[in-house]
Structures are given as structure tokens and as C-alpha cells.
file run_22.txt (compact mmCIF, C-alpha atoms)
# COMPACT_ATOMS: atom_id res chain seq x y z
CA MET N 1 14.27 -26.25 -49.87
CA ARG N 2 15.97 -26.08 -46.51
CA LEU N 3 16.30 -29.89 -46.40
CA THR N 4 17.92 -29.87 -49.84
CA TYR N 5 20.54 -27.40 -48.65
CA LEU N 6 21.21 -29.53 -45.60
CA LEU N 7 21.69 -32.61 -47.76
CA TRP N 8 24.14 -30.75 -49.97
CA ALA N 9 26.06 -29.45 -46.96
CA ALA N 10 26.20 -32.92 -45.41
CA LEU N 11 27.45 -34.43 -48.67
CA LEU N 12 30.19 -31.85 -49.07
CA ALA N 13 31.21 -32.24 -45.43
CA LEU N 14 31.45 -36.00 -45.82
CA SER N 15 33.50 -35.55 -48.98
CA ALA N 16 35.87 -33.19 -47.21
CA LEU N 17 36.24 -35.56 -44.28
CA ALA N 18 36.88 -38.42 -46.68
CA GLY N 19 39.56 -36.41 -48.42
CA LEU N 20 41.21 -35.47 -45.15
CA GLY N 21 41.04 -39.09 -44.03
CA ALA N 22 42.69 -40.23 -47.22
CA ALA N 23 45.37 -37.60 -46.84
CA TRP N 24 46.04 -38.62 -43.23
CA TRP N 25 46.04 -42.35 -44.04
CA GLY N 26 48.44 -41.93 -46.91
CA ARG N 27 50.66 -39.21 -45.46
CA ALA N 28 53.65 -41.58 -45.13
CA ARG N 29 53.11 -43.27 -48.49
CA PHE N 30 52.03 -41.08 -51.38
CA VAL N 31 50.25 -37.96 -50.12
CA ARG N 32 52.46 -35.15 -48.89
CA GLY N 33 52.06 -31.37 -48.57
CA ARG N 34 49.97 -29.93 -51.36
CA ARG N 35 48.94 -33.39 -52.45
CA ALA N 36 46.83 -33.60 -49.30
CA LEU N 37 44.88 -30.56 -50.46
CA LEU N 38 44.58 -32.12 -53.90
CA ALA N 39 43.08 -35.28 -52.35
CA VAL N 40 40.51 -33.19 -50.48
CA ALA N 41 39.66 -31.29 -53.68
CA VAL N 42 39.25 -34.52 -55.63
CA PHE N 43 36.87 -35.97 -53.03
CA LEU N 44 34.91 -32.69 -52.93
CA ALA N 45 34.61 -32.69 -56.71
CA VAL N 46 33.43 -36.28 -56.73
CA GLY N 47 30.93 -35.54 -53.94
CA ALA N 48 29.65 -32.41 -55.72
CA ALA N 49 29.24 -34.30 -58.98
CA GLY N 50 27.38 -37.08 -57.24
CA GLY N 51 25.19 -34.59 -55.44
CA TYR N 52 24.43 -32.78 -58.70
CA LEU N 53 23.44 -36.01 -60.42
CA ALA N 54 21.28 -37.09 -57.46
CA HIS N 55 19.73 -33.66 -56.84
CA GLY N 56 16.85 -34.07 -59.31
CA PRO N 57 15.61 -37.49 -58.13
CA VAL N 58 16.09 -36.57 -54.49
CA ALA N 59 14.21 -33.28 -54.92
CA GLU N 60 11.36 -35.06 -56.70
CA MET N 61 11.20 -37.69 -53.97
CA LEU N 62 11.08 -35.04 -51.25
CA ALA N 63 8.43 -33.02 -53.15
CA ALA N 64 6.28 -36.14 -53.59
CA ALA N 65 6.59 -36.92 -49.87
CA ARG N 66 5.60 -33.35 -48.93
CA LEU N 67 2.60 -33.42 -51.28
CA ALA N 68 1.46 -36.79 -49.94
CA GLU N 69 1.65 -35.51 -46.38
CA ALA N 70 -0.17 -32.31 -47.36
CA ASN N 71 -2.93 -34.29 -49.09
CA ALA N 72 -3.37 -36.43 -45.98
CA ARG N 73 -3.65 -33.31 -43.82
CA ALA N 74 -6.14 -31.72 -46.23
CA ASP N 75 -8.30 -34.87 -46.17
CA GLU N 76 -8.24 -34.82 -42.37
CA VAL N 77 -9.28 -31.16 -42.24
CA PHE N 78 -12.23 -31.80 -44.55
CA ARG N 79 -13.21 -34.89 -42.55
CA VAL N 80 -13.13 -33.20 -39.14
CA ASP N 81 -14.54 -29.73 -39.93
CA GLY N 82 -18.34 -29.82 -40.05
CA LEU N 83 -18.73 -26.96 -42.53
CA LEU N 84 -16.14 -28.38 -44.93
CA ARG N 85 -17.67 -31.85 -44.65
CA ALA N 86 -21.13 -30.49 -45.49
CA LEU N 87 -19.74 -28.48 -48.40
CA ALA N 88 -18.05 -31.61 -49.74
CA GLN N 89 -21.36 -33.48 -49.56
CA ALA N 90 -23.41 -30.77 -51.26
CA GLU N 91 -20.87 -29.24 -53.65
CA PRO N 92 -18.13 -31.80 -54.31
CA GLU N 93 -16.57 -29.84 -57.17
CA ARG N 94 -16.18 -26.70 -55.07
CA ALA N 95 -14.86 -28.73 -52.16
CA ASP N 96 -12.35 -30.59 -54.33
CA ALA N 97 -10.98 -27.32 -55.67
CA LEU N 98 -10.58 -25.98 -52.14
CA ARG N 99 -8.96 -29.24 -50.96
CA ALA N 100 -6.47 -29.16 -53.84
CA ARG N 101 -5.52 -25.55 -53.05
CA LEU N 102 -5.09 -26.39 -49.39
CA ALA N 103 -2.85 -29.38 -50.13
CA LEU N 104 -0.69 -27.37 -52.54
CA ALA N 105 -0.33 -24.49 -50.08
CA LEU N 106 0.59 -26.87 -47.24
CA ALA N 107 3.17 -28.60 -49.44
CA ARG N 108 4.76 -25.26 -50.36
CA SER N 109 4.76 -24.22 -46.72
CA ALA N 110 6.59 -27.43 -45.77
CA GLU N 111 9.16 -26.74 -48.48
CA VAL N 112 10.07 -23.20 -47.37
CA GLY N 113 9.77 -23.96 -43.65
CA PRO N 114 7.76 -22.23 -40.90
CA GLY N 115 7.01 -18.55 -41.24
CA GLU N 116 4.10 -16.37 -42.26
CA ALA N 117 2.73 -19.16 -44.46
CA ASP N 118 2.59 -21.76 -41.68
CA ALA N 119 -0.03 -24.50 -41.64
CA PRO N 120 -2.50 -22.94 -39.12
CA ALA N 121 -2.60 -19.67 -41.07
CA ILE N 122 -3.09 -21.52 -44.36
CA GLU N 123 -5.91 -23.62 -42.93
CA ALA N 124 -7.56 -20.50 -41.46
CA ARG N 125 -7.51 -18.77 -44.86
CA LEU N 126 -8.93 -21.90 -46.49
CA HIS N 127 -11.73 -21.99 -43.93
CA GLY N 128 -12.58 -18.37 -44.77
CA GLU N 129 -12.79 -19.22 -48.46
CA ALA N 130 -14.95 -22.25 -47.67
CA LEU N 131 -17.30 -20.14 -45.57
CA ARG N 132 -17.84 -17.77 -48.51
CA GLU N 133 -18.45 -20.70 -50.86
CA ALA N 134 -20.83 -22.29 -48.35
CA LEU N 135 -22.88 -19.10 -48.01
CA GLY N 136 -23.49 -18.87 -51.74
CA ALA N 137 -24.18 -22.60 -52.04
CA ALA N 138 -26.57 -22.58 -49.07
CA MET N 139 -28.70 -19.83 -50.57
CA THR N 140 -28.90 -21.78 -53.82
CA ARG N 141 -29.78 -25.05 -52.10
CA LEU N 142 -32.09 -23.58 -49.45
CA PRO N 143 -35.34 -24.43 -51.31
CA ASN N 144 -34.48 -28.13 -50.87
CA ALA N 145 -33.24 -27.84 -47.27
CA SER N 146 -35.28 -28.51 -44.15
CA ASP N 147 -37.56 -25.93 -42.55
CA GLU N 148 -35.42 -26.08 -39.41
CA ALA N 149 -32.31 -25.28 -41.45
CA ALA N 150 -34.09 -22.33 -43.06
CA ALA N 151 -35.12 -20.93 -39.66
CA ARG N 152 -31.62 -21.35 -38.20
CA LEU N 153 -30.04 -19.74 -41.25
CA ALA N 154 -32.45 -16.79 -41.07
CA GLN N 155 -31.66 -16.25 -37.38
CA ALA N 156 -27.93 -16.55 -38.00
CA LEU N 157 -28.11 -14.03 -40.84
CA LEU N 158 -30.14 -11.69 -38.65
CA ASN N 159 -27.49 -11.83 -35.93
CA ALA N 160 -24.69 -11.35 -38.46
CA LEU N 161 -26.38 -8.33 -40.05
CA ALA N 162 -26.89 -6.76 -36.63
CA SER N 163 -23.22 -7.29 -35.84
CA LEU N 164 -22.07 -5.74 -39.12
CA GLN N 165 -24.41 -2.77 -38.82
CA ASN N 166 -22.60 -1.77 -35.64
CA THR N 167 -19.24 -1.74 -37.46
CA ASP N 168 -19.72 -1.21 -41.21
CA SER N 169 -23.22 -1.44 -42.65
CA LEU N 170 -21.86 -1.52 -46.21
CA LEU N 171 -20.61 -5.04 -45.52
CA CYS N 172 -24.21 -6.18 -44.99
CA GLN N 173 -24.54 -6.32 -48.77
CA GLY N 174 -21.88 -9.03 -48.78
CA LEU N 175 -24.21 -11.28 -46.76
CA LEU N 176 -27.34 -10.27 -48.65
CA HIS N 177 -25.83 -10.98 -52.09
CA PRO N 178 -23.19 -13.70 -51.61
CA SER N 179 -23.44 -14.94 -55.20
CA SER N 180 -22.84 -11.55 -56.78
CA ALA N 181 -19.64 -11.56 -58.85
CA THR N 182 -18.97 -7.88 -58.19
CA GLY N 183 -19.77 -8.20 -54.48
CA ALA N 184 -17.32 -11.01 -53.72
CA PRO N 185 -14.88 -8.72 -51.83
CA LEU N 186 -17.75 -7.41 -49.70
CA THR N 187 -18.80 -10.96 -48.85
CA GLN N 188 -15.24 -11.94 -47.94
CA ASN N 189 -14.74 -8.86 -45.76
CA ALA N 190 -18.15 -9.29 -44.12
CA LEU N 191 -17.45 -12.88 -43.12
CA ALA N 192 -13.96 -11.99 -41.93
CA ARG N 193 -15.44 -9.30 -39.65
CA LEU N 194 -17.77 -11.74 -37.88
CA GLU N 195 -16.45 -12.98 -34.57
CA GLY N 196 -17.24 -15.37 -31.74
CA GLY N 197 -20.69 -16.86 -31.45
CA VAL N 198 -22.08 -14.94 -34.42
CA ARG N 199 -19.61 -16.58 -36.78
CA LYS N 200 -20.01 -20.03 -35.21
CA ASP N 201 -23.81 -19.84 -35.43
CA LEU N 202 -23.62 -18.87 -39.10
CA GLU N 203 -21.21 -21.71 -39.87
CA ALA N 204 -23.45 -24.21 -38.07
CA ALA N 205 -26.55 -22.95 -39.90
CA LEU N 206 -24.81 -23.16 -43.27
CA ALA N 207 -23.58 -26.68 -42.54
CA LEU N 208 -27.11 -27.76 -41.56
CA THR N 209 -28.59 -26.17 -44.68
CA LEU N 210 -26.11 -27.88 -47.00
CA ALA N 211 -26.36 -31.25 -45.26
CA SER N 212 -30.15 -31.30 -45.10
CA SER N 213 -30.40 -30.40 -48.78
CA VAL N 214 -28.41 -33.55 -49.63
CA ILE N 215 -29.13 -36.14 -46.94
CA ARG N 216 -32.90 -35.58 -46.81
CA PRO N 217 -33.72 -33.11 -49.60
CA ARG N 218 -37.18 -31.59 -49.66
CA ALA N 219 -39.21 -30.41 -52.60
CA ALA N 220 -39.07 -26.69 -53.18
CA PRO N 221 -42.09 -24.86 -51.67
CA LEU N 222 -45.10 -24.61 -53.96
CA PRO N 223 -45.35 -21.01 -55.23
CA ALA N 224 -49.11 -20.55 -54.94
CA GLN N 225 -49.54 -21.53 -51.30
CA THR N 226 -46.26 -20.06 -50.10
CA ASP N 227 -46.63 -16.78 -51.97
CA ALA N 228 -50.07 -16.33 -50.43
CA ALA N 229 -48.58 -16.75 -46.95
CA LEU N 230 -45.79 -14.32 -47.80
CA SER N 231 -48.31 -11.80 -49.11
CA ASP N 232 -50.21 -11.99 -45.83
CA MET N 233 -46.96 -11.40 -43.93
CA PHE N 234 -46.08 -8.40 -46.12
CA ALA N 235 -49.56 -6.91 -45.72
CA GLU N 236 -49.40 -7.34 -41.95
CA ASN N 237 -46.01 -5.66 -41.66
CA LEU N 238 -46.40 -3.06 -44.40
CA PRO N 239 -47.63 -0.30 -42.04
CA ASP N 240 -44.52 -0.72 -39.89
CA PHE N 241 -42.29 -0.76 -42.96
CA GLN N 242 -43.88 2.43 -44.28
CA GLU N 243 -43.57 4.13 -40.92
CA ARG N 244 -39.83 3.41 -40.80
CA TYR N 245 -38.82 3.59 -44.46
CA GLY N 246 -41.35 5.77 -46.27
CA ASP N 247 -44.23 5.32 -48.69
CA PRO N 248 -44.91 2.11 -50.65
CA ARG N 249 -42.60 3.26 -53.44
CA HIS N 250 -39.63 3.41 -51.05
CA VAL N 251 -40.52 0.06 -49.49
CA ARG N 252 -40.77 -1.51 -52.93
CA ALA N 253 -37.33 -0.11 -53.79
CA LEU N 254 -35.93 -1.76 -50.68
CA PHE N 255 -37.41 -5.12 -51.68
CA GLU N 256 -35.88 -4.75 -55.14
CA ALA N 257 -32.51 -3.91 -53.57
CA LEU N 258 -32.63 -7.11 -51.55
CA ALA N 259 -33.49 -9.14 -54.62
CA GLU N 260 -31.05 -7.55 -57.09
CA PRO N 261 -27.50 -6.40 -56.24
CA GLU N 262 -27.65 -3.71 -58.94
CA HIS N 263 -30.52 -1.97 -57.16
CA ALA N 264 -28.70 -2.05 -53.83
CA ARG N 265 -26.26 0.67 -54.95
CA SER N 266 -29.05 3.26 -54.92
CA ILE N 267 -29.95 2.57 -51.26
CA ALA N 268 -28.02 3.86 -48.26
CA PRO N 269 -26.18 0.85 -46.75
CA GLN N 270 -27.42 1.45 -43.21
CA VAL N 271 -31.04 1.67 -44.44
CA LEU N 272 -30.81 -1.53 -46.48
CA CYS N 273 -29.14 -3.39 -43.62
CA ALA N 274 -31.83 -2.27 -41.16
CA PHE N 275 -34.63 -3.21 -43.56
CA ALA N 276 -33.13 -6.66 -44.13
CA GLN N 277 -33.16 -7.25 -40.38
CA ASP N 278 -36.76 -6.11 -40.04
CA LEU N 279 -37.77 -8.39 -42.90
CA LEU N 280 -36.01 -11.39 -41.35
CA ARG N 281 -37.73 -10.72 -38.02
CA ALA N 282 -41.10 -10.58 -39.80
CA LEU N 283 -40.35 -13.85 -41.58
CA LEU N 284 -39.35 -15.55 -38.32
CA ARG N 285 -42.64 -14.41 -36.73
CA MET N 286 -44.72 -16.24 -39.33
CA PRO N 287 -46.79 -19.24 -38.12
CA PRO N 288 -44.64 -22.37 -37.77
CA SER N 289 -46.41 -24.15 -40.62
CA GLU N 290 -45.71 -21.22 -42.97
CA ARG N 291 -42.39 -19.95 -41.66
CA GLY N 292 -40.18 -22.71 -43.06
CA PRO N 293 -41.63 -22.77 -46.58
CA GLY N 294 -41.74 -18.97 -46.64
CA LEU N 295 -38.09 -18.68 -45.64
CA ARG N 296 -37.01 -21.37 -48.08
CA ARG N 297 -38.86 -19.71 -50.94
CA LEU N 298 -37.95 -16.09 -50.25
CA LEU N 299 -34.33 -16.47 -49.11
CA GLY N 300 -33.62 -19.27 -51.55
CA ALA N 301 -34.72 -17.13 -54.45
CA GLY N 302 -31.90 -14.66 -53.85
call {"tool": "encode", "arguments": {"input": "run_22.txt", "output": "C-alpha cells"}}
result
Amino acid sequence: MRLTYLLWAALLALSALAGLGAAWWGRARFVRGRRALLAVAVFLAVGAAGGYLAHGPVAEMLAAARLAEANARADEVFRVDGLLRALAQAEPERADALRARLALALARSAEVGPGEADAPAIEARLHGEALREALGAAMTRLPNASDEAAARLAQALLNALASLQNTDSLLCQGLLHPSSATGAPLTQNALARLEGGVRKDLEAALALTLASSVIRPRAAPLPAQTDAALSDMFAENLPDFQERYGDPRHVRALFEALAEPEHARSIAPQVLCAFAQDLLRALLRMPPSERGPGLRRLLGAG
């Protein structure tokens, strides 16, 4: 928009100068007094008419150039950023939608000029959206990811939950139920609250989960064997769970709240967040041969 105004101003200035030049050149021949002003007005009118006729094609050409540059920048961002690259590999439709929004926002930013909607801020917002998409996609694809990815994701979630519990335990539900339609604002706010190494570790774990589920996908854990290992883990840790959270009925309600977002509303946020951390610690303490399949089956089911 600013460039269009500058082009119009330059055209009118050139027209005015041309009119003045004509008036000066012909002052001794046919242009005198008010006729000099008339010559300037005629050149301005001609320049304005030409500018009006050329405005549409010029504006379209400039818009196409801005969009092409924005698309190139969006492609570079998705190529360089590890999380975005993994999301594009695992969920191309989601990634394409994000890339299109990024390119359009960058093109609009270039049109209006620098300000609040500058490129770094736009790319930061896009990365936040991608992180939310990656969290939901990683949970869905976790059964086919590697055991290492499952362990890293569990540890990253544990660290993130601990960080959120110290600030706002209600936001923990955003990480526990990232695919919930009603909990989307909680997920967005929870991820936005994460800082420093906690956020970087979560992004790296999500990227590994998505990439491993595509590059070298694994078969989902067999229910019979894995559920038996999970049952042993639950039985081993049940006394501690009951000591901290109440009788078996209360512990069962906590498990249901982790599995179903609707049940989470009946549990105090700080209690559910603490229980989720204790459960992740118990899962990470499982024998190495059982830990990966157990994590992939239990976390991937949510």
C-alpha cells in the first residue's frame, strides 16, 4: 500500500515538473501567465489518468511479487525449523494449511509495512500454532513412534506439567487433552506459558515422535502383553497412589479424568496435574523392555 502511494506521488510530481518544463520552454512562444498554470494542469490530468489506468495492473503485479516472496519465506521456515519439518512429514495437510496462512500473513505484512504485524511476530505466532498441532498429532501417532521417542515425550510432558503446576495448574489439562475441541484455548495458553529449556525439550520430543512415526514407523504395541505390564505397574504403585489421592474409587476417578476430558472437570486442577506427574514417573520407571511399549500404548490412547 505504501509503495502504491509512492508511485502515485512520483507520477504526479513528474507530471507537474513536465508541465512546468513545458511552460518554461514555451514562455516566449505560446505559454504566458495563466496559460502556464493550464499547461501544468493538463500534464497533471494526463498523469493522473495514466496512473488510474495503470493502477490495477501495477497493484496486481506488486501483490503477486509480495505473495511470491512470502511463499519463498514460508517454505524456508518450514525447511529450517525441525518441528515444522517433522509436522510436514507426518501431517502434510495440517502443515500445508499452516504454511498457506503464514505466507498470506507475511504478504499482508509486506503490504502495510513494518509494525505490530512484522515478520518475526507473525512467524512466532505461526510456530505457536504449529506446536499445538504437533502436540495433538504426536499423541495420535505415538503408537507407531519409536520407544525412545515415547520416553523423551513422557519426560518432556512431565517437565512441562511441573512447570505449569507452579504457575497455573488448570493449564495442565491443555497438555493432557490436546485434541479436545473445548480445551483448545487451554492447550494454546499452556504451550505459550512454557519457557526456555522446558519448551525446547517438548518441541524436540514432539519432532522426534512425529518423524519416527513416519520415517521408521513401528507397529502399535500388542494389547495383551503391554496391558499386562501396565497392570503390574499400576499394582506396584497403587499403594502410593492411594496414600496420596484416596481410596481406589478416587484413584479410578483420576485415571478416568486423564482419559476423558469430560471427567477432568470434576477433579481439582492441582490434584489432576500432580497425579499425571506421578503416573508419568511410574511409567518412566518401568523396565526398559516394557517402558517404551507401555508409554506408546497408554499415552497414545489419549
call {"tool": "residues_near_point", "arguments": {"input": "run_22.txt", "point": "(-21.8, -27.4, -38.4)", "cutoff": "10 Å", "atoms": "only C-alpha atoms", "output": "PyMOL selection string"}}
result
chain N and resi 81-86+200-211
call {"tool": "closest_residue", "arguments": {"input": "run_22.txt", "among": "N:Pro143, N:Pro223, N:Gly128, N:Pro120", "to": "Arg199 in chain N", "atoms": "all atoms listed in the file"}}
result
N:Gly128
call {"tool": "closest_residue", "arguments": {"input": "run_22.txt", "among": "N:Ala119, N:Ala184, N:Ala137, N:Ala151", "to": "Arg94 in chain N", "atoms": "only C-alpha atoms"}}
result
N:Ala137
call {"tool": "residues_around", "arguments": {"input": "run_22.txt", "residues": "Ala100 in chain N", "least_positions_apart": "3", "cutoff": "10 Å", "atoms": "all atoms listed in the file", "output": "list in words"}}
result
Ala70, Asn71, Ala74, Asp75, Ala95, Asp96, Ala97, Ala103, Leu104, Ala105 and Leu106 of chain N
call {"tool": "closest_residue", "arguments": {"input": "run_22.txt", "among": "N:Ala65, N:Leu102, N:Ile215, N:Ile122", "to": "Gln89 in chain N", "atoms": "all atoms listed in the file"}}
result
N:Ile215
call {"tool": "closest_atom_pairs", "arguments": {"input": "run_22.txt", "of": "range 130-204 of chain N", "to": "range 275-289 of chain N", "cutoff": "7 Å", "atoms": "all atoms listed in the file", "output": "JSON lines"}}
result
{"residue": "N:Ala151", "atom": "CA", "partner": "N:Leu284", "partner_atom": "CA", "distance": 7.0}
{"residue": "N:Ala154", "atom": "CA", "partner": "N:Leu280", "partner_atom": "CA", "distance": 6.5}
{"residue": "N:Leu158", "atom": "CA", "partner": "N:Gln277", "partner_atom": "CA", "distance": 5.6}
{"residue": "N:Leu161", "atom": "CA", "partner": "N:Gln277", "partner_atom": "CA", "distance": 6.9}
call {"tool": "residues_around", "arguments": {"input": "run_22.txt", "residues": "Leu222 in chain N", "least_positions_apart": "2", "cutoff": "10 Å", "atoms": "all atoms listed in the file", "output": "short mmCIF file (atom, residue, chain, number, x, y, z; two decimals) with C-alpha atoms, in the coordinates of the input"}}
result
data_model
loop_
_atom_site.label_atom_id
_atom_site.label_comp_id
_atom_site.auth_asym_id
_atom_site.auth_seq_id
_atom_site.Cartn_x
_atom_site.Cartn_y
_atom_site.Cartn_z
CA ALA N 219 -39.21 -30.41 -52.60
CA ALA N 220 -39.07 -26.69 -53.18
CA ALA N 224 -49.11 -20.55 -54.94
CA GLN N 225 -49.54 -21.53 -51.30
CA THR N 226 -46.26 -20.06 -50.10
CA ASP N 227 -46.63 -16.78 -51.97
CA PRO N 293 -41.63 -22.77 -46.58
CA GLY N 294 -41.74 -18.97 -46.64
CA ARG N 297 -38.86 -19.71 -50.94
#
call {"tool": "closest_residue", "arguments": {"input": "run_22.txt", "among": "N:Arg291, N:His177, N:Arg108, N:Arg218", "to": "Leu142 in chain N", "atoms": "all atoms listed in the file"}}
result
N:Arg218
call {"tool": "build_atoms", "arguments": {"input": "run_22.txt", "residues": "range 121-132 of chain N", "atoms": "all heavy atoms", "output": "PDB file, in the frame of the given file"}}
result
ATOM      1  N   ALA N 121      -2.143 -20.845 -40.322  1.00  0.00           N
ATOM      2  CA  ALA N 121      -2.600 -19.670 -41.070  1.00  0.00           C
ATOM      3  C   ALA N 121      -3.190 -20.069 -42.416  1.00  0.00           C
ATOM      4  O   ALA N 121      -4.204 -19.516 -42.860  1.00  0.00           O
ATOM      5  CB  ALA N 121      -1.434 -18.699 -41.272  1.00  0.00           C
ATOM      6  N   ILE N 122      -2.580 -21.037 -43.074  1.00  0.00           N
ATOM      7  CA  ILE N 122      -3.090 -21.520 -44.360  1.00  0.00           C
ATOM      8  C   ILE N 122      -4.468 -22.140 -44.187  1.00  0.00           C
ATOM      9  O   ILE N 122      -5.396 -21.884 -44.961  1.00  0.00           O
ATOM     10  CB  ILE N 122      -2.107 -22.529 -44.975  1.00  0.00           C
ATOM     11  CG1 ILE N 122      -0.817 -21.834 -45.387  1.00  0.00           C
ATOM     12  CG2 ILE N 122      -2.727 -23.237 -46.174  1.00  0.00           C
ATOM     13  CD1 ILE N 122       0.270 -22.772 -45.832  1.00  0.00           C
ATOM     14  N   GLU N 123      -4.624 -22.969 -43.161  1.00  0.00           N
ATOM     15  CA  GLU N 123      -5.910 -23.620 -42.930  1.00  0.00           C
ATOM     16  C   GLU N 123      -6.983 -22.599 -42.549  1.00  0.00           C
ATOM     17  O   GLU N 123      -8.152 -22.747 -42.923  1.00  0.00           O
ATOM     18  CB  GLU N 123      -5.758 -24.673 -41.843  1.00  0.00           C
ATOM     19  CG  GLU N 123      -4.898 -25.850 -42.278  1.00  0.00           C
ATOM     20  CD  GLU N 123      -4.642 -26.835 -41.148  1.00  0.00           C
ATOM     21  OE1 GLU N 123      -5.315 -26.724 -40.105  1.00  0.00           O
ATOM     22  OE2 GLU N 123      -3.781 -27.721 -41.299  1.00  0.00           O
ATOM     23  N   ALA N 124      -6.595 -21.538 -41.819  1.00  0.00           N
ATOM     24  CA  ALA N 124      -7.560 -20.500 -41.460  1.00  0.00           C
ATOM     25  C   ALA N 124      -8.043 -19.749 -42.704  1.00  0.00           C
ATOM     26  O   ALA N 124      -9.236 -19.450 -42.839  1.00  0.00           O
ATOM     27  CB  ALA N 124      -6.938 -19.527 -40.460  1.00  0.00           C
ATOM     28  N   ARG N 125      -7.115 -19.446 -43.621  1.00  0.00           N
ATOM     29  CA  ARG N 125      -7.510 -18.770 -44.860  1.00  0.00           C
ATOM     30  C   ARG N 125      -8.422 -19.670 -45.698  1.00  0.00           C
ATOM     31  O   ARG N 125      -9.397 -19.205 -46.289  1.00  0.00           O
ATOM     32  CB  ARG N 125      -6.273 -18.367 -45.660  1.00  0.00           C
ATOM     33  CG  ARG N 125      -5.527 -17.179 -45.091  1.00  0.00           C
ATOM     34  CD  ARG N 125      -4.588 -16.584 -46.120  1.00  0.00           C
ATOM     35  NE  ARG N 125      -3.581 -17.538 -46.546  1.00  0.00           N
ATOM     36  CZ  ARG N 125      -2.400 -17.681 -45.958  1.00  0.00           C
ATOM     37  NH1 ARG N 125      -2.101 -16.947 -44.899  1.00  0.00           N
ATOM     38  NH2 ARG N 125      -1.526 -18.551 -46.403  1.00  0.00           N
ATOM     39  N   LEU N 126      -8.093 -20.955 -45.745  1.00  0.00           N
ATOM     40  CA  LEU N 126      -8.930 -21.900 -46.490  1.00  0.00           C
ATOM     41  C   LEU N 126     -10.328 -21.959 -45.901  1.00  0.00           C
ATOM     42  O   LEU N 126     -11.330 -21.992 -46.636  1.00  0.00           O
ATOM     43  CB  LEU N 126      -8.265 -23.264 -46.488  1.00  0.00           C
ATOM     44  CG  LEU N 126      -8.915 -24.460 -47.229  1.00  0.00           C
ATOM     45  CD1 LEU N 126     -10.034 -25.094 -46.440  1.00  0.00           C
ATOM     46  CD2 LEU N 126      -9.381 -24.048 -48.607  1.00  0.00           C
ATOM     47  N   HIS N 127     -10.419 -21.937 -44.576  1.00  0.00           N
ATOM     48  CA  HIS N 127     -11.730 -21.990 -43.930  1.00  0.00           C
ATOM     49  C   HIS N 127     -12.542 -20.740 -44.284  1.00  0.00           C
ATOM     50  O   HIS N 127     -13.765 -20.820 -44.473  1.00  0.00           O
ATOM     51  CB  HIS N 127     -11.576 -22.098 -42.419  1.00  0.00           C
ATOM     52  CG  HIS N 127     -12.825 -22.480 -41.705  1.00  0.00           C
ATOM     53  ND1 HIS N 127     -13.229 -23.789 -41.527  1.00  0.00           N
ATOM     54  CD2 HIS N 127     -13.802 -21.719 -41.143  1.00  0.00           C
ATOM     55  CE1 HIS N 127     -14.375 -23.815 -40.884  1.00  0.00           C
ATOM     56  NE2 HIS N 127     -14.753 -22.570 -40.637  1.00  0.00           N
ATOM     57  N   GLY N 128     -11.877 -19.590 -44.365  1.00  0.00           N
ATOM     58  CA  GLY N 128     -12.580 -18.370 -44.770  1.00  0.00           C
ATOM     59  C   GLY N 128     -13.118 -18.467 -46.180  1.00  0.00           C
ATOM     60  O   GLY N 128     -14.246 -18.042 -46.463  1.00  0.00           O
ATOM     61  N   GLU N 129     -12.324 -19.023 -47.096  1.00  0.00           N
ATOM     62  CA  GLU N 129     -12.790 -19.220 -48.460  1.00  0.00           C
ATOM     63  C   GLU N 129     -13.973 -20.189 -48.494  1.00  0.00           C
ATOM     64  O   GLU N 129     -14.948 -19.985 -49.226  1.00  0.00           O
ATOM     65  CB  GLU N 129     -11.659 -19.750 -49.331  1.00  0.00           C
ATOM     66  CG  GLU N 129     -10.516 -18.766 -49.539  1.00  0.00           C
ATOM     67  CD  GLU N 129      -9.441 -19.352 -50.423  1.00  0.00           C
ATOM     68  OE1 GLU N 129      -9.756 -20.231 -51.242  1.00  0.00           O
ATOM     69  OE2 GLU N 129      -8.276 -18.929 -50.302  1.00  0.00           O
ATOM     70  N   ALA N 130     -13.874 -21.254 -47.702  1.00  0.00           N
ATOM     71  CA  ALA N 130     -14.950 -22.250 -47.670  1.00  0.00           C
ATOM     72  C   ALA N 130     -16.238 -21.648 -47.117  1.00  0.00           C
ATOM     73  O   ALA N 130     -17.334 -21.984 -47.582  1.00  0.00           O
ATOM     74  CB  ALA N 130     -14.517 -23.451 -46.843  1.00  0.00           C
ATOM     75  N   LEU N 131     -16.114 -20.765 -46.142  1.00  0.00           N
ATOM     76  CA  LEU N 131     -17.300 -20.140 -45.570  1.00  0.00           C
ATOM     77  C   LEU N 131     -18.002 -19.287 -46.622  1.00  0.00           C
ATOM     78  O   LEU N 131     -19.243 -19.281 -46.710  1.00  0.00           O
ATOM     79  CB  LEU N 131     -16.900 -19.279 -44.363  1.00  0.00           C
ATOM     80  CG  LEU N 131     -18.026 -18.578 -43.615  1.00  0.00           C
ATOM     81  CD1 LEU N 131     -19.062 -19.578 -43.122  1.00  0.00           C
ATOM     82  CD2 LEU N 131     -17.464 -17.782 -42.440  1.00  0.00           C
ATOM     83  N   ARG N 132     -17.232 -18.567 -47.439  1.00  0.00           N
ATOM     84  CA  ARG N 132     -17.840 -17.770 -48.510  1.00  0.00           C
ATOM     85  C   ARG N 132     -18.519 -18.672 -49.542  1.00  0.00           C
ATOM     86  O   ARG N 132     -19.630 -18.383 -49.993  1.00  0.00           O
ATOM     87  CB  ARG N 132     -16.770 -16.909 -49.181  1.00  0.00           C
ATOM     88  CG  ARG N 132     -17.338 -15.935 -50.210  1.00  0.00           C
ATOM     89  CD  ARG N 132     -16.282 -15.059 -50.833  1.00  0.00           C
ATOM     90  NE  ARG N 132     -15.433 -15.807 -51.740  1.00  0.00           N
ATOM     91  CZ  ARG N 132     -14.153 -16.079 -51.533  1.00  0.00           C
ATOM     92  NH1 ARG N 132     -13.566 -15.664 -50.423  1.00  0.00           N
ATOM     93  NH2 ARG N 132     -13.441 -16.743 -52.412  1.00  0.00           N
TER      94      ARG N 132
END
